[in-house]
file start-v7.txt (compact mmCIF, N, CA and C atoms)
# COMPACT_ATOMS: atom_id res chain seq x y z
N MET X 1 -9.32 -15.69 13.59
CA MET X 1 -9.04 -14.40 12.99
C MET X 1 -7.95 -13.71 13.82
N ASN X 2 -6.87 -13.25 13.17
CA ASN X 2 -5.80 -12.59 13.90
C ASN X 2 -6.13 -11.11 14.11
N THR X 3 -5.27 -10.44 14.86
CA THR X 3 -5.51 -9.03 15.20
C THR X 3 -5.57 -8.15 13.97
N ARG X 4 -4.67 -8.39 13.00
CA ARG X 4 -4.65 -7.58 11.78
C ARG X 4 -5.97 -7.74 11.02
N GLN X 5 -6.48 -8.97 10.92
CA GLN X 5 -7.73 -9.19 10.21
C GLN X 5 -8.89 -8.52 10.94
N MET X 6 -8.89 -8.59 12.28
CA MET X 6 -9.95 -7.94 13.05
C MET X 6 -9.90 -6.43 12.85
N HIS X 7 -8.69 -5.86 12.83
CA HIS X 7 -8.54 -4.42 12.60
C HIS X 7 -9.06 -4.05 11.21
N ALA X 8 -8.73 -4.87 10.21
CA ALA X 8 -9.20 -4.61 8.84
C ALA X 8 -10.72 -4.69 8.77
N GLU X 9 -11.31 -5.66 9.47
CA GLU X 9 -12.76 -5.79 9.48
C GLU X 9 -13.42 -4.57 10.11
N SER X 10 -12.86 -4.06 11.21
CA SER X 10 -13.44 -2.89 11.84
C SER X 10 -13.34 -1.67 10.93
N LYS X 11 -12.24 -1.55 10.18
CA LYS X 11 -12.09 -0.45 9.22
C LYS X 11 -13.14 -0.55 8.13
N LYS X 12 -13.40 -1.79 7.65
CA LYS X 12 -14.41 -1.99 6.60
C LYS X 12 -15.78 -1.57 7.09
N GLU X 13 -16.08 -1.92 8.36
CA GLU X 13 -17.36 -1.54 8.92
C GLU X 13 -17.51 -0.03 8.97
N GLU X 14 -16.40 0.68 9.19
CA GLU X 14 -16.44 2.14 9.22
C GLU X 14 -16.42 2.72 7.81
N GLY X 15 -16.26 1.87 6.80
CA GLY X 15 -16.19 2.34 5.42
C GLY X 15 -14.83 2.85 5.02
N LYS X 16 -13.80 2.49 5.76
CA LYS X 16 -12.45 2.95 5.46
C LYS X 16 -11.59 1.77 5.03
N ASN X 17 -10.63 2.05 4.15
CA ASN X 17 -9.69 1.04 3.73
C ASN X 17 -8.45 1.13 4.60
N GLU X 18 -7.88 -0.02 4.94
CA GLU X 18 -6.62 -0.04 5.66
C GLU X 18 -5.51 -0.22 4.64
N ILE X 19 -4.56 0.71 4.64
CA ILE X 19 -3.47 0.69 3.67
C ILE X 19 -2.15 0.71 4.42
N VAL X 20 -1.30 -0.27 4.12
CA VAL X 20 0.04 -0.32 4.71
C VAL X 20 1.03 -0.35 3.55
N LEU X 21 1.94 0.62 3.55
CA LEU X 21 2.96 0.75 2.51
C LEU X 21 4.31 0.30 3.06
N TYR X 22 4.85 -0.76 2.48
CA TYR X 22 6.19 -1.23 2.82
C TYR X 22 7.13 -0.58 1.82
N GLN X 23 8.16 0.10 2.31
CA GLN X 23 8.93 0.98 1.44
C GLN X 23 10.40 1.04 1.82
N TYR X 24 11.20 1.57 0.89
CA TYR X 24 12.52 2.12 1.17
C TYR X 24 12.33 3.62 1.08
N GLU X 25 12.87 4.35 2.01
CA GLU X 25 12.68 5.81 2.06
C GLU X 25 13.09 6.49 0.75
N VAL X 26 14.15 6.03 0.11
CA VAL X 26 14.67 6.71 -1.08
C VAL X 26 14.20 6.10 -2.40
N CYS X 27 13.32 5.14 -2.35
CA CYS X 27 12.83 4.48 -3.57
C CYS X 27 11.90 5.42 -4.33
N PRO X 28 12.20 5.73 -5.60
CA PRO X 28 11.34 6.65 -6.36
C PRO X 28 9.94 6.10 -6.60
N PHE X 29 9.81 4.78 -6.71
CA PHE X 29 8.48 4.19 -6.92
C PHE X 29 7.65 4.25 -5.64
N CYS X 30 8.32 4.12 -4.49
CA CYS X 30 7.64 4.29 -3.21
C CYS X 30 7.19 5.74 -3.04
N CYS X 31 8.05 6.66 -3.42
CA CYS X 31 7.72 8.09 -3.34
C CYS X 31 6.53 8.42 -4.23
N LYS X 32 6.42 7.77 -5.37
CA LYS X 32 5.30 7.98 -6.28
C LYS X 32 3.99 7.56 -5.60
N VAL X 33 4.00 6.41 -4.95
CA VAL X 33 2.80 5.94 -4.26
C VAL X 33 2.47 6.85 -3.08
N LYS X 34 3.49 7.23 -2.30
CA LYS X 34 3.26 8.13 -1.16
C LYS X 34 2.70 9.46 -1.63
N ALA X 35 3.23 9.99 -2.72
CA ALA X 35 2.73 11.27 -3.25
C ALA X 35 1.26 11.17 -3.64
N PHE X 36 0.88 10.05 -4.26
CA PHE X 36 -0.51 9.84 -4.63
C PHE X 36 -1.40 9.79 -3.39
N LEU X 37 -0.97 9.02 -2.40
CA LEU X 37 -1.75 8.89 -1.16
C LEU X 37 -1.87 10.24 -0.44
N ASP X 38 -0.77 10.95 -0.33
CA ASP X 38 -0.78 12.25 0.35
C ASP X 38 -1.63 13.27 -0.40
N TYR X 39 -1.48 13.33 -1.71
CA TYR X 39 -2.23 14.28 -2.52
C TYR X 39 -3.74 14.08 -2.37
N ASN X 40 -4.13 12.83 -2.24
CA ASN X 40 -5.55 12.50 -2.15
C ASN X 40 -6.05 12.33 -0.72
N ASP X 41 -5.22 12.72 0.25
CA ASP X 41 -5.60 12.64 1.67
C ASP X 41 -6.08 11.24 2.06
N ILE X 42 -5.40 10.23 1.56
CA ILE X 42 -5.74 8.85 1.90
C ILE X 42 -4.83 8.42 3.05
N PRO X 43 -5.41 8.05 4.18
CA PRO X 43 -4.59 7.64 5.32
C PRO X 43 -3.92 6.29 5.07
N TYR X 44 -2.68 6.18 5.53
CA TYR X 44 -1.92 4.93 5.35
C TYR X 44 -0.83 4.86 6.41
N ASP X 45 -0.37 3.65 6.63
CA ASP X 45 0.76 3.42 7.53
C ASP X 45 1.95 3.03 6.67
N THR X 46 3.16 3.38 7.12
CA THR X 46 4.36 2.98 6.39
C THR X 46 5.21 2.07 7.27
N VAL X 47 5.89 1.16 6.60
CA VAL X 47 6.85 0.28 7.25
C VAL X 47 8.14 0.37 6.43
N GLU X 48 9.20 0.81 7.08
CA GLU X 48 10.50 0.90 6.40
C GLU X 48 11.10 -0.50 6.33
N VAL X 49 11.43 -0.93 5.12
CA VAL X 49 11.96 -2.27 4.88
C VAL X 49 13.49 -2.21 4.84
N ASN X 50 14.12 -3.13 5.54
CA ASN X 50 15.57 -3.26 5.48
C ASN X 50 15.92 -3.81 4.10
N PRO X 51 16.69 -3.08 3.28
CA PRO X 51 16.97 -3.51 1.91
C PRO X 51 17.82 -4.78 1.82
N VAL X 52 18.53 -5.12 2.87
CA VAL X 52 19.38 -6.32 2.84
C VAL X 52 18.61 -7.56 3.28
N THR X 53 18.00 -7.49 4.44
CA THR X 53 17.32 -8.68 4.98
C THR X 53 15.86 -8.79 4.57
N LYS X 54 15.21 -7.67 4.32
CA LYS X 54 13.78 -7.60 3.99
C LYS X 54 12.94 -8.33 5.03
N ASP X 55 13.39 -8.28 6.29
CA ASP X 55 12.69 -8.96 7.37
C ASP X 55 11.23 -8.52 7.50
N GLN X 56 10.95 -7.29 7.17
CA GLN X 56 9.60 -6.75 7.32
C GLN X 56 8.62 -7.38 6.32
N LEU X 57 9.16 -8.06 5.31
CA LEU X 57 8.31 -8.71 4.30
C LEU X 57 8.31 -10.24 4.45
N LYS X 58 8.70 -10.74 5.62
CA LYS X 58 8.75 -12.19 5.84
C LYS X 58 7.41 -12.86 5.59
N PHE X 59 6.34 -12.17 5.91
CA PHE X 59 5.00 -12.74 5.73
C PHE X 59 4.68 -12.99 4.26
N ALA X 60 5.41 -12.37 3.34
CA ALA X 60 5.14 -12.47 1.91
C ALA X 60 6.16 -13.34 1.19
N LYS X 61 6.79 -14.26 1.87
CA LYS X 61 7.85 -15.08 1.26
C LYS X 61 7.34 -15.92 0.09
N SER X 62 6.03 -16.11 -0.04
CA SER X 62 5.51 -16.88 -1.15
C SER X 62 5.63 -16.12 -2.48
N GLU X 63 5.86 -14.81 -2.40
CA GLU X 63 6.04 -14.01 -3.61
C GLU X 63 7.37 -14.39 -4.28
N LYS X 64 7.40 -14.35 -5.61
CA LYS X 64 8.63 -14.67 -6.33
C LYS X 64 9.71 -13.64 -6.07
N LYS X 65 9.33 -12.38 -6.12
CA LYS X 65 10.27 -11.28 -5.86
C LYS X 65 9.67 -10.37 -4.82
N LEU X 66 10.44 -10.08 -3.81
CA LEU X 66 9.99 -9.15 -2.78
C LEU X 66 10.47 -7.76 -3.13
N LEU X 67 9.64 -7.04 -3.84
CA LEU X 67 9.98 -5.70 -4.31
C LEU X 67 9.17 -4.66 -3.56
N VAL X 68 9.73 -3.49 -3.44
CA VAL X 68 8.98 -2.35 -2.91
C VAL X 68 8.74 -1.38 -4.06
N PRO X 69 7.67 -0.62 -4.01
CA PRO X 69 6.69 -0.57 -2.95
C PRO X 69 5.85 -1.85 -2.90
N TYR X 70 5.55 -2.27 -1.70
CA TYR X 70 4.69 -3.42 -1.44
C TYR X 70 3.58 -2.88 -0.57
N VAL X 71 2.35 -3.02 -1.02
CA VAL X 71 1.22 -2.43 -0.32
C VAL X 71 0.19 -3.49 0.00
N LEU X 72 -0.35 -3.39 1.20
CA LEU X 72 -1.51 -4.19 1.59
C LEU X 72 -2.69 -3.24 1.68
N ILE X 73 -3.69 -3.50 0.86
CA ILE X 73 -4.93 -2.72 0.90
C ILE X 73 -6.01 -3.67 1.38
N ASP X 74 -6.41 -3.51 2.62
CA ASP X 74 -7.37 -4.43 3.24
C ASP X 74 -6.95 -5.88 3.08
N GLY X 75 -5.65 -6.14 3.24
CA GLY X 75 -5.13 -7.50 3.19
C GLY X 75 -4.78 -8.00 1.80
N ILE X 76 -5.06 -7.21 0.77
CA ILE X 76 -4.72 -7.60 -0.60
C ILE X 76 -3.38 -6.98 -0.95
N ALA X 77 -2.45 -7.82 -1.41
CA ALA X 77 -1.07 -7.38 -1.66
C ALA X 77 -0.87 -6.96 -3.11
N LEU X 78 -0.14 -5.85 -3.27
CA LEU X 78 0.28 -5.36 -4.59
C LEU X 78 1.71 -4.88 -4.46
N ASN X 79 2.52 -5.02 -5.54
CA ASN X 79 3.90 -4.55 -5.40
C ASN X 79 4.45 -3.87 -6.65
N ASN X 80 3.63 -3.16 -7.34
CA ASN X 80 4.06 -2.37 -8.49
C ASN X 80 3.36 -1.02 -8.35
N SER X 81 4.12 0.07 -8.41
CA SER X 81 3.52 1.39 -8.14
C SER X 81 2.34 1.68 -9.07
N ARG X 82 2.45 1.31 -10.30
CA ARG X 82 1.35 1.56 -11.24
C ARG X 82 0.12 0.74 -10.86
N ASP X 83 0.32 -0.54 -10.52
CA ASP X 83 -0.80 -1.38 -10.10
C ASP X 83 -1.42 -0.88 -8.80
N ILE X 84 -0.58 -0.41 -7.90
CA ILE X 84 -1.06 0.11 -6.61
C ILE X 84 -1.96 1.32 -6.83
N ILE X 85 -1.49 2.26 -7.62
CA ILE X 85 -2.27 3.48 -7.86
C ILE X 85 -3.55 3.16 -8.62
N HIS X 86 -3.47 2.27 -9.58
CA HIS X 86 -4.67 1.86 -10.32
C HIS X 86 -5.70 1.24 -9.37
N SER X 87 -5.24 0.37 -8.50
CA SER X 87 -6.14 -0.27 -7.54
C SER X 87 -6.76 0.76 -6.60
N LEU X 88 -5.97 1.72 -6.16
CA LEU X 88 -6.50 2.77 -5.29
C LEU X 88 -7.54 3.62 -6.01
N LEU X 89 -7.30 3.91 -7.27
CA LEU X 89 -8.28 4.68 -8.04
C LEU X 89 -9.60 3.93 -8.14
N GLU X 90 -9.52 2.59 -8.25
CA GLU X 90 -10.72 1.77 -8.37
C GLU X 90 -11.44 1.58 -7.04
N SER X 91 -10.69 1.35 -5.97
CA SER X 91 -11.32 0.96 -4.72
C SER X 91 -11.59 2.10 -3.75
N VAL X 92 -10.71 3.08 -3.70
CA VAL X 92 -10.83 4.13 -2.70
C VAL X 92 -11.57 5.35 -3.23
N LYS X 93 -11.55 5.55 -4.53
CA LYS X 93 -12.18 6.72 -5.16
C LYS X 93 -11.68 8.02 -4.54
N PRO X 94 -10.39 8.32 -4.70
CA PRO X 94 -9.83 9.53 -4.10
C PRO X 94 -10.52 10.78 -4.60
N LYS X 95 -10.68 11.75 -3.70
CA LYS X 95 -11.43 12.96 -4.03
C LYS X 95 -10.72 13.86 -5.03
N ASN X 96 -9.39 13.86 -5.05
CA ASN X 96 -8.64 14.74 -5.94
C ASN X 96 -8.30 14.11 -7.29
N SER X 97 -8.81 12.91 -7.54
CA SER X 97 -8.37 12.16 -8.72
C SER X 97 -9.45 11.99 -9.78
N LYS X 98 -10.35 12.94 -9.90
CA LYS X 98 -11.42 12.84 -10.89
C LYS X 98 -10.89 12.61 -12.29
N ASN X 99 -9.96 13.41 -12.70
CA ASN X 99 -9.46 13.36 -14.07
C ASN X 99 -8.08 12.75 -14.16
N MET X 100 -7.67 12.03 -13.15
CA MET X 100 -6.34 11.46 -13.13
C MET X 100 -6.30 10.20 -13.97
N SER X 101 -5.25 10.07 -14.76
CA SER X 101 -5.05 8.85 -15.54
C SER X 101 -3.63 8.36 -15.31
N LEU X 102 -3.42 7.10 -15.59
CA LEU X 102 -2.10 6.52 -15.41
C LEU X 102 -1.39 6.65 -16.70
call {"tool": "encode", "arguments": {"input": "start-v7.txt", "output": "structure tokens"}}
result
Amino acid sequence: MNTRQMHAESKKEEGKNEIVLYQYEVCPFCCKVKAFLDYNDIPYDTVEVNPVTKDQLKFAKSEKKLLVPYVLIDGIALNNSRDIIHSLLESVKPKNSKNMSL
């Protein structure tokens, strides 16, 4: 088990999800995901991706297209803002999203 997996396991034991958002600062779809996370007080880490080399996404080279936003939620990868928000609504149960729909 690597360090990232151990960290994710400790978060699960605490009942918290680990969320890492790989983004371009000016990407509107990344901003949409960040706004959702911020509005719902969901903690997350961000990684700024170099748009030319995409070195920060090397671990995901098996993906057909390396697009942002790219999110890891407890090690599960998603890369479409709508799918990301839908998954968060299902798994995290944000407090401010009672009546929120996509």
call {"tool": "select_by_dssp", "arguments": {"input": "start-v7.txt", "residues": "stretch 10-78 of chain X", "states": "helix (DSSP H, G or I)", "output": "PDB file with N, CA and C atoms, keeping the file's coordinate frame"}}
result
ATOM      1  N   SER X  10     -12.860  -4.060  11.210  1.00  0.00           N
ATOM      2  CA  SER X  10     -13.440  -2.890  11.840  1.00  0.00           C
ATOM      3  C   SER X  10     -13.340  -1.670  10.930  1.00  0.00           C
ATOM      4  N   LYS X  11     -12.240  -1.550  10.180  1.00  0.00           N
ATOM      5  CA  LYS X  11     -12.090  -0.450   9.220  1.00  0.00           C
ATOM      6  C   LYS X  11     -13.140  -0.550   8.130  1.00  0.00           C
ATOM      7  N   LYS X  12     -13.400  -1.790   7.650  1.00  0.00           N
ATOM      8  CA  LYS X  12     -14.410  -1.990   6.600  1.00  0.00           C
ATOM      9  C   LYS X  12     -15.780  -1.570   7.090  1.00  0.00           C
ATOM     10  N   GLU X  13     -16.080  -1.920   8.360  1.00  0.00           N
ATOM     11  CA  GLU X  13     -17.360  -1.540   8.920  1.00  0.00           C
ATOM     12  C   GLU X  13     -17.510  -0.030   8.970  1.00  0.00           C
ATOM     13  N   PRO X  28      12.200   5.730  -5.600  1.00  0.00           N
ATOM     14  CA  PRO X  28      11.340   6.650  -6.360  1.00  0.00           C
ATOM     15  C   PRO X  28       9.940   6.100  -6.600  1.00  0.00           C
ATOM     16  N   PHE X  29       9.810   4.780  -6.710  1.00  0.00           N
ATOM     17  CA  PHE X  29       8.480   4.190  -6.920  1.00  0.00           C
ATOM     18  C   PHE X  29       7.650   4.250  -5.640  1.00  0.00           C
ATOM     19  N   CYS X  30       8.320   4.120  -4.490  1.00  0.00           N
ATOM     20  CA  CYS X  30       7.640   4.290  -3.210  1.00  0.00           C
ATOM     21  C   CYS X  30       7.190   5.740  -3.040  1.00  0.00           C
ATOM     22  N   CYS X  31       8.050   6.660  -3.420  1.00  0.00           N
ATOM     23  CA  CYS X  31       7.720   8.090  -3.340  1.00  0.00           C
ATOM     24  C   CYS X  31       6.530   8.420  -4.230  1.00  0.00           C
ATOM     25  N   LYS X  32       6.420   7.770  -5.370  1.00  0.00           N
ATOM     26  CA  LYS X  32       5.300   7.980  -6.280  1.00  0.00           C
ATOM     27  C   LYS X  32       3.990   7.560  -5.600  1.00  0.00           C
ATOM     28  N   VAL X  33       4.000   6.410  -4.950  1.00  0.00           N
ATOM     29  CA  VAL X  33       2.800   5.940  -4.260  1.00  0.00           C
ATOM     30  C   VAL X  33       2.470   6.850  -3.080  1.00  0.00           C
ATOM     31  N   LYS X  34       3.490   7.230  -2.300  1.00  0.00           N
ATOM     32  CA  LYS X  34       3.260   8.130  -1.160  1.00  0.00           C
ATOM     33  C   LYS X  34       2.700   9.460  -1.630  1.00  0.00           C
ATOM     34  N   ALA X  35       3.230   9.990  -2.720  1.00  0.00           N
ATOM     35  CA  ALA X  35       2.730  11.270  -3.250  1.00  0.00           C
ATOM     36  C   ALA X  35       1.260  11.170  -3.640  1.00  0.00           C
ATOM     37  N   PHE X  36       0.880  10.050  -4.260  1.00  0.00           N
ATOM     38  CA  PHE X  36      -0.510   9.840  -4.630  1.00  0.00           C
ATOM     39  C   PHE X  36      -1.400   9.790  -3.390  1.00  0.00           C
ATOM     40  N   LEU X  37      -0.970   9.020  -2.400  1.00  0.00           N
ATOM     41  CA  LEU X  37      -1.750   8.890  -1.160  1.00  0.00           C
ATOM     42  C   LEU X  37      -1.870  10.240  -0.440  1.00  0.00           C
ATOM     43  N   ASP X  38      -0.770  10.950  -0.330  1.00  0.00           N
ATOM     44  CA  ASP X  38      -0.780  12.250   0.350  1.00  0.00           C
ATOM     45  C   ASP X  38      -1.630  13.270  -0.400  1.00  0.00           C
ATOM     46  N   TYR X  39      -1.480  13.330  -1.710  1.00  0.00           N
ATOM     47  CA  TYR X  39      -2.230  14.280  -2.520  1.00  0.00           C
ATOM     48  C   TYR X  39      -3.740  14.080  -2.370  1.00  0.00           C
ATOM     49  N   ASP X  55      13.390  -8.280   6.290  1.00  0.00           N
ATOM     50  CA  ASP X  55      12.690  -8.960   7.370  1.00  0.00           C
ATOM     51  C   ASP X  55      11.230  -8.520   7.500  1.00  0.00           C
ATOM     52  N   GLN X  56      10.950  -7.290   7.170  1.00  0.00           N
ATOM     53  CA  GLN X  56       9.600  -6.750   7.320  1.00  0.00           C
ATOM     54  C   GLN X  56       8.620  -7.380   6.320  1.00  0.00           C
ATOM     55  N   LEU X  57       9.160  -8.060   5.310  1.00  0.00           N
ATOM     56  CA  LEU X  57       8.310  -8.710   4.300  1.00  0.00           C
ATOM     57  C   LEU X  57       8.310 -10.240   4.450  1.00  0.00           C
ATOM     58  N   LYS X  58       8.700 -10.740   5.620  1.00  0.00           N
ATOM     59  CA  LYS X  58       8.750 -12.190   5.840  1.00  0.00           C
ATOM     60  C   LYS X  58       7.410 -12.860   5.590  1.00  0.00           C
ATOM     61  N   PHE X  59       6.340 -12.170   5.910  1.00  0.00           N
ATOM     62  CA  PHE X  59       5.000 -12.740   5.730  1.00  0.00           C
ATOM     63  C   PHE X  59       4.680 -12.990   4.260  1.00  0.00           C
ATOM     64  N   ALA X  60       5.410 -12.370   3.340  1.00  0.00           N
ATOM     65  CA  ALA X  60       5.140 -12.470   1.910  1.00  0.00           C
ATOM     66  C   ALA X  60       6.160 -13.340   1.190  1.00  0.00           C
TER      67      ALA X  60
END
call {"tool": "atom_distance", "arguments": {"input": "start-v7.txt", "atom1": "atom C of X:Gln56", "atom2": "atom CA of X:Tyr24"}}
result
11.5 Å
call {"tool": "residues_around", "arguments": {"input": "start-v7.txt", "residues": "X:Val33", "least_positions_apart": "5", "cutoff": "10 Å", "atoms": "only C-alpha atoms", "output": "number ranges by chain"}}
result
X: 21, 23, 28, 38-39, 69-71, 80-82, 84-85, 88
call {"tool": "write_last_selection", "arguments": {"input": "start-v7.txt", "atoms": "N, CA and C atoms", "output": "PDB file, in the frame of the given file"}}
result
ATOM      1  N   LEU X  21       1.940   0.620   3.550  1.00  0.00           N
ATOM      2  CA  LEU X  21       2.960   0.750   2.510  1.00  0.00           C
ATOM      3  C   LEU X  21       4.310   0.300   3.060  1.00  0.00           C
ATOM      4  N   GLN X  23       8.160   0.100   2.310  1.00  0.00           N
ATOM      5  CA  GLN X  23       8.930   0.980   1.440  1.00  0.00           C
ATOM      6  C   GLN X  23      10.400   1.040   1.820  1.00  0.00           C
ATOM      7  N   PRO X  28      12.200   5.730  -5.600  1.00  0.00           N
ATOM      8  CA  PRO X  28      11.340   6.650  -6.360  1.00  0.00           C
ATOM      9  C   PRO X  28       9.940   6.100  -6.600  1.00  0.00           C
ATOM     10  N   ASP X  38      -0.770  10.950  -0.330  1.00  0.00           N
ATOM     11  CA  ASP X  38      -0.780  12.250   0.350  1.00  0.00           C
ATOM     12  C   ASP X  38      -1.630  13.270  -0.400  1.00  0.00           C
ATOM     13  N   TYR X  39      -1.480  13.330  -1.710  1.00  0.00           N
ATOM     14  CA  TYR X  39      -2.230  14.280  -2.520  1.00  0.00           C
ATOM     15  C   TYR X  39      -3.740  14.080  -2.370  1.00  0.00           C
ATOM     16  N   PRO X  69       7.670  -0.620  -4.010  1.00  0.00           N
ATOM     17  CA  PRO X  69       6.690  -0.570  -2.950  1.00  0.00           C
ATOM     18  C   PRO X  69       5.850  -1.850  -2.900  1.00  0.00           C
ATOM     19  N   TYR X  70       5.550  -2.270  -1.700  1.00  0.00           N
ATOM     20  CA  TYR X  70       4.690  -3.420  -1.440  1.00  0.00           C
ATOM     21  C   TYR X  70       3.580  -2.880  -0.570  1.00  0.00           C
ATOM     22  N   VAL X  71       2.350  -3.020  -1.020  1.00  0.00           N
ATOM     23  CA  VAL X  71       1.220  -2.430  -0.320  1.00  0.00           C
ATOM     24  C   VAL X  71       0.190  -3.490   0.000  1.00  0.00           C
ATOM     25  N   ASN X  80       3.630  -3.160  -7.340  1.00  0.00           N
ATOM     26  CA  ASN X  80       4.060  -2.370  -8.490  1.00  0.00           C
ATOM     27  C   ASN X  80       3.360  -1.020  -8.350  1.00  0.00           C
ATOM     28  N   SER X  81       4.120   0.070  -8.410  1.00  0.00           N
ATOM     29  CA  SER X  81       3.520   1.390  -8.140  1.00  0.00           C
ATOM     30  C   SER X  81       2.340   1.680  -9.070  1.00  0.00           C
ATOM     31  N   ARG X  82       2.450   1.310 -10.300  1.00  0.00           N
ATOM     32  CA  ARG X  82       1.350   1.560 -11.240  1.00  0.00           C
ATOM     33  C   ARG X  82       0.120   0.740 -10.860  1.00  0.00           C
ATOM     34  N   ILE X  84      -0.580  -0.410  -7.900  1.00  0.00           N
ATOM     35  CA  ILE X  84      -1.060   0.110  -6.610  1.00  0.00           C
ATOM     36  C   ILE X  84      -1.960   1.320  -6.830  1.00  0.00           C
ATOM     37  N   ILE X  85      -1.490   2.260  -7.620  1.00  0.00           N
ATOM     38  CA  ILE X  85      -2.270   3.480  -7.860  1.00  0.00           C
ATOM     39  C   ILE X  85      -3.550   3.160  -8.620  1.00  0.00           C
ATOM     40  N   LEU X  88      -5.970   1.720  -6.160  1.00  0.00           N
ATOM     41  CA  LEU X  88      -6.500   2.770  -5.290  1.00  0.00           C
ATOM     42  C   LEU X  88      -7.540   3.620  -6.010  1.00  0.00           C
TER      43      LEU X  88
END
call {"tool": "atom_distance", "arguments": {"input": "start-v7.txt", "atom1": "atom C of X:His86", "atom2": "atom CA of X:Pro43"}}
result
16.1 Å
call {"tool": "axis_aligned_box", "arguments": {"input": "start-v7.txt", "around": "stretch 67-70 of chain X", "padding_each_side": "3 Å", "output": "JSON"}}
result
{"center_x": 6.8, "center_y": -3.8, "center_z": -2.4, "size_x": 12.4, "size_y": 12.5, "size_z": 9.7}
call {"tool": "atom_distance", "arguments": {"input": "start-v7.txt", "atom1": "atom CA of X:Asp74", "atom2": "atom CA of X:Glu18"}}
result
5.1 Å
call {"tool": "residues_near_point", "arguments": {"input": "start-v7.txt", "point": "(1.3, 3.7, 5.6)", "cutoff": "6 Å", "atoms": "only C-alpha atoms", "output": "PyMOL selection string"}}
result
chain X and resi 19-21+44-46
call {"tool": "closest_residue", "arguments": {"input": "start-v7.txt", "among": "X:Leu89, X:Lys54, X:Glu48, X:Leu37", "to": "X:Leu66", "atoms": "all atoms listed in the file"}}
result
X:Lys54
